Amino acid sequence: MISAQNHQLQLSGSKYWVIAFIGLFLAACSPKIQKTTNKKPDVPKKVEEKKEKPASKFTQAEISLLVPFRLNDLRLKTATKAEVEKSAMAIDFYQGFKLGIDSAAEQGLNFKLNVYDSRDNNSQIEGLIKNGGLSNSNLIVGPVYPAGLKYIKDYSIAQGIPVVNPLAATHPQEFNNPNLISIVNNIDLHVEKLGLYITKHYNPENTVLVLIDSKDAGSKLLSAPVKAYFETGKKKFIFQEFASVFTMELNLIKNKKYVIIVTSPDRKFVIPTLDKLVKLKNAGLDIDLYGHPDWIKQNYNIDKLQALNTAVTSSYKVDYKNNHVISFIKKYRAAYSFEPGEYSFKGFDIGFYFAQLISKHGKDYLKYITEEKYKGLHNSFSFFHDEKLGYINTSLMLLRYQDFSLNLIE
């Protein structure tokens with residue numbers, strides 16, 4: 001069962017938000033029912049006196065969730081789309097998270113869920129620390145943004161409380177918290193996944209490996225580790241780097257397989273790049289294209305992506321034909337009268353995984369996190385432990401555009 005408490009949610013603004021959240025958090029509260037009996041079993045007196053007092057059993061876990069509802073700041077009449085989407089993200093994540101804990105709680109352990117509006121403001125976190133609101137937590141999930149995760153670091157270390165980074169793809173080195181649990185794969189893991197696949201499936205003797213780096217900030221973030229990976233790799237490909245495919249066209253090598261990695265997430269750069277690559281493909285150039293992970297969220301011409309045999313790395317994918325996914329969607333609709341979005345799925349997987357882990361192993365659950373693998377509705381978890389950086393999820397997928405959809409190839 002879950003005992004849910006919603007602290008720090010001082011509501012203001014339109015009545016819509018007030019009503020929505022009163023209903024939301026009242027729905028979150030589940031009564032705890034215990035059966036008792038006054039009948040004492042017949043036990044011989046001497047045996048009863050010698051019996052040692054049993055150790056207290058772990059019967060309730062306390063989880064604190066810090067997400068930026070930002071209800072005090074949001075005014076629906078004047079709010080921008082970005083501001084509304086930020087609050088919507090927090091709501092979706094919370095609702096999926098609670099359903100995940102509900103599902104795990106069916107195994108018998110009671111959970112006390114404390115929900116806090118972090119407001120994307122470190123002063124809110126400081127207030128929670130000072131008033132002891134987080135002190136009894138077995139697990140803290142959030143804050144969701146890097147600044148908040150950095151701010152809570154010292155408290156996490158001093159109190160020995162694990163903190164889950166649920167959404168930020170920031171490299172764990174920026175937090176340097178041995179109690180941090182990183183869910184989203186950092187860019188180095190994406191590069192390793194891509195590099196291993198290319199090294200395994202292509203022959204360096206007849207393959208030209210091309211890096212297209214537009215030099216913008218987003219592109220450099222991926223291009224630097226890609227270069228480092230193949231420079232130190234055991235297989236030595238013919239490696240070329242260009243600022244665009246238009247420059248690459250002037251340096252083509254005949255009768256070679258071209259593996260092209262485009263590291264830019266900039267839509268304005270990617271669209272003409274795809275157009276040019278399709279022309280080169282139609283002219284006879286043998287091309288396999290690998291793109292930036294953000295391409296999954298962007299809308300590109302699927303015919304062109306398929307023609308180029310395009311693949312991208314990703315930490316998540318929802319299979320809407322999966323029976324578990326279908327069941328979750330039905331439960332979500334029944335509970336909230338809304339369709340679950342991306343963050344609802346993320347919230348469910350995180351809530352279910354950690355609640356199940358705690359339910360199975362009790363207070364010492366962290367000792368087993370590297371052993372307990374998980375294949376969820378949205379993503380999968382396989383954690384590696386680093387003494388300085390904490391617990392890092394290494395589970396990644398490689399998806400290819402085929403048959404007008406993204407299909408798992410590894």
# chains A, B, ... in the order shown; residues from 1 in each chain; ligands from 1

$ residues_around --residues "Glu372 of chain A" --least-positions-apart "3" --cutoff "10 Å" --atoms "only C-alpha atoms" --output "JSON, numbers by chain"
{"A": [353, 357, 365, 367, 368, 369, 381, 382, 383]}

$ select_by_dssp --residues "segment 177-210 of chain A" --states "strand (DSSP E or B)" --output "PyMOL selection string"
chain A and resi 180-182+207-210

$ write_last_selection --atoms "all heavy atoms" --output "PDB file, in the first residue's frame"
ATOM      1  N   LEU A 180      24.783   8.955  -6.276  1.00  0.00           N
ATOM      2  CA  LEU A 180      23.910   9.301  -7.392  1.00  0.00           C
ATOM      3  C   LEU A 180      23.588   8.064  -8.225  1.00  0.00           C
ATOM      4  O   LEU A 180      24.452   7.225  -8.484  1.00  0.00           O
ATOM      5  CB  LEU A 180      24.589  10.345  -8.283  1.00  0.00           C
ATOM      6  CG  LEU A 180      23.732  10.910  -9.424  1.00  0.00           C
ATOM      7  CD1 LEU A 180      22.606  11.785  -8.875  1.00  0.00           C
ATOM      8  CD2 LEU A 180      24.608  11.719 -10.389  1.00  0.00           C
ATOM      9  N   ILE A 181      22.327   7.962  -8.659  1.00  0.00           N
ATOM     10  CA  ILE A 181      21.890   6.890  -9.553  1.00  0.00           C
ATOM     11  C   ILE A 181      21.446   7.553 -10.854  1.00  0.00           C
ATOM     12  O   ILE A 181      20.430   8.247 -10.893  1.00  0.00           O
ATOM     13  CB  ILE A 181      20.734   6.078  -8.947  1.00  0.00           C
ATOM     14  CG1 ILE A 181      21.147   5.499  -7.591  1.00  0.00           C
ATOM     15  CG2 ILE A 181      20.305   4.962  -9.897  1.00  0.00           C
ATOM     16  CD1 ILE A 181      20.002   4.855  -6.819  1.00  0.00           C
ATOM     17  N   SER A 182      22.223   7.381 -11.914  1.00  0.00           N
ATOM     18  CA  SER A 182      21.966   8.051 -13.191  1.00  0.00           C
ATOM     19  C   SER A 182      21.170   7.134 -14.113  1.00  0.00           C
ATOM     20  O   SER A 182      21.634   6.052 -14.478  1.00  0.00           O
ATOM     21  CB  SER A 182      23.285   8.443 -13.866  1.00  0.00           C
ATOM     22  OG  SER A 182      24.015   9.342 -13.040  1.00  0.00           O
ATOM     23  N   THR A 207      35.794  -0.073 -45.992  1.00  0.00           N
ATOM     24  CA  THR A 207      34.869   0.890 -45.389  1.00  0.00           C
ATOM     25  C   THR A 207      35.558   2.226 -45.142  1.00  0.00           C
ATOM     26  O   THR A 207      36.666   2.277 -44.603  1.00  0.00           O
ATOM     27  CB  THR A 207      34.321   0.361 -44.050  1.00  0.00           C
ATOM     28  OG1 THR A 207      33.658  -0.883 -44.269  1.00  0.00           O
ATOM     29  CG2 THR A 207      33.348   1.352 -43.430  1.00  0.00           C
ATOM     30  N   VAL A 208      34.876   3.293 -45.513  1.00  0.00           N
ATOM     31  CA  VAL A 208      35.332   4.640 -45.183  1.00  0.00           C
ATOM     32  C   VAL A 208      34.391   5.174 -44.100  1.00  0.00           C
ATOM     33  O   VAL A 208      33.174   5.239 -44.294  1.00  0.00           O
ATOM     34  CB  VAL A 208      35.296   5.579 -46.405  1.00  0.00           C
ATOM     35  CG1 VAL A 208      35.750   6.986 -45.996  1.00  0.00           C
ATOM     36  CG2 VAL A 208      36.181   5.034 -47.519  1.00  0.00           C
ATOM     37  N   LEU A 209      34.968   5.524 -42.976  1.00  0.00           N
ATOM     38  CA  LEU A 209      34.197   6.047 -41.859  1.00  0.00           C
ATOM     39  C   LEU A 209      34.278   7.577 -41.892  1.00  0.00           C
ATOM     40  O   LEU A 209      35.353   8.154 -41.778  1.00  0.00           O
ATOM     41  CB  LEU A 209      34.748   5.515 -40.539  1.00  0.00           C
ATOM     42  CG  LEU A 209      34.006   5.886 -39.257  1.00  0.00           C
ATOM     43  CD1 LEU A 209      32.563   5.417 -39.297  1.00  0.00           C
ATOM     44  CD2 LEU A 209      34.715   5.273 -38.048  1.00  0.00           C
ATOM     45  N   VAL A 210      33.121   8.224 -42.056  1.00  0.00           N
ATOM     46  CA  VAL A 210      33.083   9.679 -42.219  1.00  0.00           C
ATOM     47  C   VAL A 210      32.333  10.325 -41.057  1.00  0.00           C
ATOM     48  O   VAL A 210      31.215   9.926 -40.723  1.00  0.00           O
ATOM     49  CB  VAL A 210      32.402  10.071 -43.544  1.00  0.00           C
ATOM     50  CG1 VAL A 210      32.336  11.596 -43.671  1.00  0.00           C
ATOM     51  CG2 VAL A 210      33.151   9.476 -44.727  1.00  0.00           C
TER      52      VAL A 210
END

$ residues_around --residues "segment 404-409 of chain A" --least-positions-apart "6" --cutoff "12 Å" --atoms "only C-alpha atoms" --output "PyMOL selection string"
chain A and resi 193-194+197+201+295-297+300-307+309-320+396-398

$ atom_distance --atom1 "atom CA of Ile212 of chain A" --atom2 "atom CA of Asp266 of chain A"
12.5 Å

$ select_by_dssp --residues "segment 158-262 of chain A" --states "helix (DSSP H, G or I)" --output "PyMOL selection string"
chain A and resi 158-159+172-174+187-201+217-231+245-251

$ atom_distance --atom1 "atom CA of Phe338 of chain A" --atom2 "atom CA of Ser103 of chain A"
18.9 Å

$ residues_around --residues "segment 324-329 of chain A" --least-positions-apart "3" --cutoff "9 Å" --atoms "only C-alpha atoms" --output "list in words"
Leu99, Val318, Asp319, Tyr320, Lys321, Tyr332, Arg333, Ala334, Glu339, Pro340, Phe345, Phe348, Gly376, Leu377 and His378 of chain A

$ atom_distance --atom1 "atom CA of Lys227 of chain A" --atom2 "atom CA of Val191 of chain A"
9.6 Å

$ residues_around --residues "Ile101 of chain A" --least-positions-apart "6" --cutoff "8 Å" --atoms "only C-alpha atoms" --output "ChimeraX atom specification"
/A:2,111,348,351-352,355-356

$ closest_residue --among "A:Val67, A:Val259, A:Ala158, A:Met248" --to "Arg119 of chain A" --atoms "only C-alpha atoms"
A:Val67

$ residues_around --residues "Leu134 of chain A" --least-positions-apart "2" --cutoff "10 Å" --atoms "only C-alpha atoms" --output "JSON, numbers by chain"
{"A": [62, 63, 64, 65, 114, 116, 125, 128, 129, 130, 131, 132, 136, 137, 138, 139, 140, 155, 156, 159, 161]}

$ residues_around --residues "Val226 of chain A" --least-positions-apart "2" --cutoff "10 Å" --atoms "only C-alpha atoms" --output "list in words"
Ile187, Asp188, His190, Val191, Glu192, Leu194, Gly195, Leu211, Lys220, Leu221, Leu222, Ser223, Ala224, Ala228, Tyr229, Phe230, Glu231, Ile261 and Thr263 of chain A

$ closest_residue --among "A:Asn179, A:Ser337, A:Thr199, A:Thr394" --to "Lys234 of chain A" --atoms "only C-alpha atoms"
A:Thr199
